[in-house]
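Contents: one structure, followed by commentary.
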Amino acid sequence: MDTAVTFSSENLILRGNLNIPFEGAPCVILSHGLEGNKDSIKWKFLANRLYDLGLAALRFNYRGCGEGEEKSDGDFAYSGVSRRVKDFQAALDFLHSHPVDPSRLGAIGSSLGGTVLIASGDKRLKAMVALATPYSFKTLAGEGIDEHRPDELSSLPSGKQVTIDFLRELKRLDMEKYVKQMKCPLLVIHGSADETVRVGDAHSLYDAAAEPKMLKIINGAGHRFDDPAHLKQVALLACGWLKQYL
């Protein structure tokens, strides 16, 4: 049963949905990307597939993200990686007060959502899936950002605005270091036709990770895995990996 839930992160209310197939089930946290939200077709589909396999799923909106009444508190412009890491850790804390098995927690992160999982370095995670996750943010961060004040706003290609500090943090991220510090099994999934994050980033993530690990490139898939056939492949791979290690 899909239940609406809320929890707090730095005094901000974050909104989510929790699906628990049975008491004491392993649980997977679903971590959306930069401009994504918990209610996309992808996340609802994955939550349902996990449920069918006996895995609970928590999908939630990071601070400043979401639509309408489902929007979490906070300002999107200030929702950088370090703040999203705090939101993710708050989600992990939240699960300890619910009827899931806190010793069997996993996560699926898409794009920046995968970055957040890896950067968190949280030892409570026993398995992870990174979808279309960047290894470098230099192109997105752009040049000349160090010449601006940290609180100045910069527009993303979509028109949404983030602070210069947000972009500086992305530029400083050392993904190789974070991946090498990981202790849990990692599955990297990427689309061969990803128009946002180059396929080479998936290979870099995989190369930096320790065993057990797996890399799967889905032929023809784009950044969001919008095609139903591609999404089914993602679900089969991701849910199988998490079922194996949780």
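We label chains A, B, ... in the order they appear in the structure tokens, count residues from 1 in each chain, and number ligands from 1 in the order shown.
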
Problem set entry | Near-Ala91 of chain A list (9 Å; only C-alpha atoms; drop same-chain fewer than 4 positions) as a list in words |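 The contact residues come out as Phe7, Ser8, Ser9, Leu14, Ile29, Leu58, Phe60, Lys86, Asp87 and Leu95 of chain A.
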
For this session: Would you mind listing what lies within 9 Å of Ala210 of chain A as a PyMOL selection string, with only C-alpha atoms counted and same-chain residues fewer than 6 positions away left out?
Result: chain A and resi 179-186

Export, as a PDB file, in the first residue's frame, the selected residues with N, CA and C atoms.
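again.pdb written:
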```pdb
ATOM      1  N   VAL A 179      33.540   7.302  -4.930  1.00  0.00           N
ATOM      2  CA  VAL A 179      33.251   5.947  -5.385  1.00  0.00           C
ATOM      3  C   VAL A 179      34.217   4.955  -4.752  1.00  0.00           C
ATOM      4  N   LYS A 180      35.475   5.312  -4.664  1.00  0.00           N
ATOM      5  CA  LYS A 180      36.475   4.400  -4.102  1.00  0.00           C
ATOM      6  C   LYS A 180      36.256   4.162  -2.612  1.00  0.00           C
ATOM      7  N   GLN A 181      35.568   5.088  -1.948  1.00  0.00           N
ATOM      8  CA  GLN A 181      35.286   4.936  -0.519  1.00  0.00           C
ATOM      9  C   GLN A 181      34.053   4.073  -0.262  1.00  0.00           C
ATOM     10  N   MET A 182      33.281   3.787  -1.322  1.00  0.00           N
ATOM     11  CA  MET A 182      32.055   3.007  -1.165  1.00  0.00           C
ATOM     12  C   MET A 182      32.348   1.570  -0.740  1.00  0.00           C
ATOM     13  N   LYS A 183      31.475   1.029   0.085  1.00  0.00           N
ATOM     14  CA  LYS A 183      31.635  -0.340   0.564  1.00  0.00           C
ATOM     15  C   LYS A 183      30.523  -1.273   0.076  1.00  0.00           C
ATOM     16  N   CYS A 184      29.484  -0.725  -0.572  1.00  0.00           N
ATOM     17  CA  CYS A 184      28.350  -1.568  -0.950  1.00  0.00           C
ATOM     18  C   CYS A 184      28.381  -1.902  -2.443  1.00  0.00           C
ATOM     19  N   PRO A 185      27.765  -3.014  -2.829  1.00  0.00           N
ATOM     20  CA  PRO A 185      27.692  -3.405  -4.245  1.00  0.00           C
ATOM     21  C   PRO A 185      27.046  -2.304  -5.092  1.00  0.00           C
ATOM     22  N   LEU A 186      27.631  -2.044  -6.262  1.00  0.00           N
ATOM     23  CA  LEU A 186      27.157  -0.958  -7.126  1.00  0.00           C
ATOM     24  C   LEU A 186      26.833  -1.476  -8.521  1.00  0.00           C
TER      25      LEU A 186
END
```

Can I get the residues of segment 12-43 of chain A within 12 Å of segment 67-71 of chain A, each with the closest pair of atoms and their distance in Å to one decimal, using only C-alpha atoms, sorted chain first then ascending number, as CSV?
```
residue,atom,partner,partner_atom,distance
A:Leu12,CA,A:Lys71,CA,11.3
A:Ile13,CA,A:Lys71,CA,9.4
A:Leu14,CA,A:Lys71,CA,7.8
A:Arg15,CA,A:Glu70,CA,6.1
A:Gly16,CA,A:Glu70,CA,7.8
A:Asn17,CA,A:Glu70,CA,10.0
A:Glu35,CA,A:Glu67,CA,10.9
A:Gly36,CA,A:Glu67,CA,9.9
A:Asn37,CA,A:Glu67,CA,7.8
A:Lys38,CA,A:Glu70,CA,8.9
A:Asp39,CA,A:Glu67,CA,8.7
A:Ser40,CA,A:Glu67,CA,10.6
```

Store the residues picked out above, limited to C-alpha atoms, as an mmCIF file, in the first residue's frame.
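Okay, out11.cif is ready:
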```
data_model
loop_
_atom_site.group_PDB
_atom_site.id
_atom_site.type_symbol
_atom_site.label_atom_id
_atom_site.label_comp_id
_atom_site.auth_asym_id
_atom_site.auth_seq_id
_atom_site.Cartn_x
_atom_site.Cartn_y
_atom_site.Cartn_z
ATOM 1 C CA LEU A 12 12.251 21.506 6.444
ATOM 2 C CA ILE A 13 9.325 19.182 5.779
ATOM 3 C CA LEU A 14 10.047 16.700 2.980
ATOM 4 C CA ARG A 15 7.182 14.838 1.334
ATOM 5 C CA GLY A 16 7.268 11.259 0.167
ATOM 6 C CA ASN A 17 5.496 7.944 -0.290
ATOM 7 C CA GLU A 35 15.054 18.812 -11.547
ATOM 8 C CA GLY A 36 13.113 15.606 -11.058
ATOM 9 C CA ASN A 37 10.553 14.611 -8.450
ATOM 10 C CA LYS A 38 9.203 11.497 -6.755
ATOM 11 C CA ASP A 39 6.022 11.333 -8.860
ATOM 12 C CA SER A 40 7.476 10.690 -12.297
#
```

Problem set entry | Contact residues around segment 108-116 of chain A with only C-alpha atoms at 8 Å, ignoring same-chain residues under 5 positions, as a list in words |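 Once the nearby chain positions are removed, what remains is Val28, Ile29, Leu30, Ser31, His32, Gly33, Leu34, Val81, Ser82, Arg84, Val85, Phe88, Met128, Val129, Ala130, Leu131, Ala132, Thr133, Pro134, Met175 and Ala238 of chain A.
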
Residues as selected, N, CA and C atoms, written as a PDB file, in the first residue's frame, can you do that?
```pdb
ATOM      1  N   VAL A  28      14.159   0.145  -0.134  1.00  0.00           N
ATOM      2  CA  VAL A  28      14.963   0.858  -1.129  1.00  0.00           C
ATOM      3  C   VAL A  28      14.506   2.311  -1.197  1.00  0.00           C
ATOM      4  N   ILE A  29      15.451   3.236  -1.093  1.00  0.00           N
ATOM      5  CA  ILE A  29      15.148   4.661  -1.232  1.00  0.00           C
ATOM      6  C   ILE A  29      15.362   5.068  -2.685  1.00  0.00           C
ATOM      7  N   LEU A  30      14.403   5.792  -3.241  1.00  0.00           N
ATOM      8  CA  LEU A  30      14.470   6.250  -4.626  1.00  0.00           C
ATOM      9  C   LEU A  30      14.851   7.727  -4.642  1.00  0.00           C
ATOM     10  N   SER A  31      15.976   8.031  -5.280  1.00  0.00           N
ATOM     11  CA  SER A  31      16.587   9.364  -5.232  1.00  0.00           C
ATOM     12  C   SER A  31      16.535  10.026  -6.610  1.00  0.00           C
ATOM     13  N   HIS A  32      15.642  11.008  -6.761  1.00  0.00           N
ATOM     14  CA  HIS A  32      15.448  11.653  -8.071  1.00  0.00           C
ATOM     15  C   HIS A  32      16.592  12.613  -8.421  1.00  0.00           C
ATOM     16  N   GLY A  33      16.600  13.040  -9.679  1.00  0.00           N
ATOM     17  CA  GLY A  33      17.672  13.883 -10.193  1.00  0.00           C
ATOM     18  C   GLY A  33      17.497  15.360  -9.909  1.00  0.00           C
ATOM     19  N   LEU A  34      18.346  16.160 -10.530  1.00  0.00           N
ATOM     20  CA  LEU A  34      18.432  17.595 -10.270  1.00  0.00           C
ATOM     21  C   LEU A  34      17.077  18.291 -10.305  1.00  0.00           C
ATOM     22  N   VAL A  81      24.313  19.637  -3.583  1.00  0.00           N
ATOM     23  CA  VAL A  81      24.587  18.242  -3.244  1.00  0.00           C
ATOM     24  C   VAL A  81      24.697  18.025  -1.741  1.00  0.00           C
ATOM     25  N   SER A  82      25.430  18.884  -1.037  1.00  0.00           N
ATOM     26  CA  SER A  82      25.610  18.677   0.402  1.00  0.00           C
ATOM     27  C   SER A  82      24.288  18.764   1.149  1.00  0.00           C
ATOM     28  N   ARG A  84      21.308  18.062  -0.231  1.00  0.00           N
ATOM     29  CA  ARG A  84      20.542  16.868  -0.614  1.00  0.00           C
ATOM     30  C   ARG A  84      21.071  15.626   0.112  1.00  0.00           C
ATOM     31  N   VAL A  85      22.360  15.590   0.373  1.00  0.00           N
ATOM     32  CA  VAL A  85      22.902  14.491   1.174  1.00  0.00           C
ATOM     33  C   VAL A  85      22.253  14.478   2.554  1.00  0.00           C
ATOM     34  N   PHE A  88      18.839  13.049   2.180  1.00  0.00           N
ATOM     35  CA  PHE A  88      18.898  11.595   2.002  1.00  0.00           C
ATOM     36  C   PHE A  88      19.161  10.893   3.338  1.00  0.00           C
ATOM     37  N   MET A 128      23.432  -0.492  -4.054  1.00  0.00           N
ATOM     38  CA  MET A 128      23.115   0.770  -4.726  1.00  0.00           C
ATOM     39  C   MET A 128      23.034   0.576  -6.230  1.00  0.00           C
ATOM     40  N   VAL A 129      22.123   1.351  -6.846  1.00  0.00           N
ATOM     41  CA  VAL A 129      22.013   1.393  -8.308  1.00  0.00           C
ATOM     42  C   VAL A 129      22.126   2.853  -8.735  1.00  0.00           C
ATOM     43  N   ALA A 130      23.046   3.138  -9.658  1.00  0.00           N
ATOM     44  CA  ALA A 130      23.235   4.496 -10.170  1.00  0.00           C
ATOM     45  C   ALA A 130      22.783   4.552 -11.622  1.00  0.00           C
ATOM     46  N   LEU A 131      21.729   5.330 -11.888  1.00  0.00           N
ATOM     47  CA  LEU A 131      21.189   5.473 -13.241  1.00  0.00           C
ATOM     48  C   LEU A 131      21.683   6.785 -13.858  1.00  0.00           C
ATOM     49  N   ALA A 132      22.261   6.727 -15.045  1.00  0.00           N
ATOM     50  CA  ALA A 132      22.638   7.943 -15.783  1.00  0.00           C
ATOM     51  C   ALA A 132      23.326   8.967 -14.889  1.00  0.00           C
ATOM     52  N   THR A 133      24.256   8.486 -14.069  1.00  0.00           N
ATOM     53  CA  THR A 133      24.893   9.336 -13.059  1.00  0.00           C
ATOM     54  C   THR A 133      26.195   9.948 -13.573  1.00  0.00           C
ATOM     55  N   PRO A 134      26.362  11.257 -13.437  1.00  0.00           N
ATOM     56  CA  PRO A 134      27.580  11.922 -13.932  1.00  0.00           C
ATOM     57  C   PRO A 134      28.816  11.577 -13.099  1.00  0.00           C
ATOM     58  N   MET A 175      34.334  12.704  -7.604  1.00  0.00           N
ATOM     59  CA  MET A 175      33.559  11.474  -7.672  1.00  0.00           C
ATOM     60  C   MET A 175      34.444  10.236  -7.556  1.00  0.00           C
ATOM     61  N   ALA A 238      17.779  -3.326 -12.071  1.00  0.00           N
ATOM     62  CA  ALA A 238      17.909  -2.681 -10.759  1.00  0.00           C
ATOM     63  C   ALA A 238      17.261  -3.511  -9.655  1.00  0.00           C
TER      64      ALA A 238
END
```

Spatial neighbours of Gly74 of chain A, 8 Å, only C-alpha atoms, chain gap at least 4 places, as a PDB file with N, CA and C atoms, in the first residue's frame:
```pdb
ATOM      1  N   LEU A  12      13.079  21.449   7.655  1.00  0.00           N
ATOM      2  CA  LEU A  12      12.251  21.506   6.444  1.00  0.00           C
ATOM      3  C   LEU A  12      11.434  20.225   6.353  1.00  0.00           C
ATOM      4  N   ARG A  63      14.483  18.834  -0.923  1.00  0.00           N
ATOM      5  CA  ARG A  63      14.056  20.194  -0.572  1.00  0.00           C
ATOM      6  C   ARG A  63      13.876  21.063  -1.822  1.00  0.00           C
ATOM      7  N   GLY A  64      12.762  21.785  -1.858  1.00  0.00           N
ATOM      8  CA  GLY A  64      12.486  22.677  -2.976  1.00  0.00           C
ATOM      9  C   GLY A  64      12.037  21.971  -4.243  1.00  0.00           C
ATOM     10  N   SER A  79      19.411  24.003  -3.178  1.00  0.00           N
ATOM     11  CA  SER A  79      19.390  22.571  -2.884  1.00  0.00           C
ATOM     12  C   SER A  79      20.585  21.852  -3.505  1.00  0.00           C
TER      13      SER A  79
END
```

Problem set entry | Å distance separating atom CA of Val100 of chain A from atom CA of Leu55 of chain A, one decimal place |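 Those two atoms sit 9.2 Å apart.
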
Problem set entry | Secondary structure check, strand (DSSP E or B) residues of segment 10-109 of chain A, as a ChimeraX atom specification | /A:12-19,25-31,56-60,100-109

For this session: Tell me which of A:Lys44, A:Asp201, A:Pro99, A:Glu10 sits closest to Tyr62 of chain A, counting only C-alpha atoms.
Result: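 Looking only at the distances to Tyr62 of chain A, the closest residue turns out to be A:Glu10.
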
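Residues within 12 Å of Ala77 of chain A, counting only C-alpha atoms and excluding same-chain residues fewer than 3 positions away, are Leu34, Glu35, Tyr62, Arg63, Gly64, Cys65, Gly74, Gly80, Val81, Arg83, Arg84, Pro150, Asp151, Glu152, Leu153, Ser154, Ser155, Leu156, Gly159, Lys160, Gln161, Val162, Thr163, Ile164, Asp165, Phe166 and Leu167 of chain A.
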
Exercise. Out of segment 14-165 of chain A, which residues get alpha helix (DSSP H) from DSSP, as JSON, numbers by chain?
Worked result: {"A": [41, 42, 43, 44, 45, 46, 47, 48, 49, 50, 51, 52, 81, 82, 83, 84, 85, 86, 87, 88, 89, 90, 91, 92, 93, 94, 95, 112, 113, 114, 115, 116, 117, 118, 119, 120, 138, 139, 140, 141, 164, 165]}
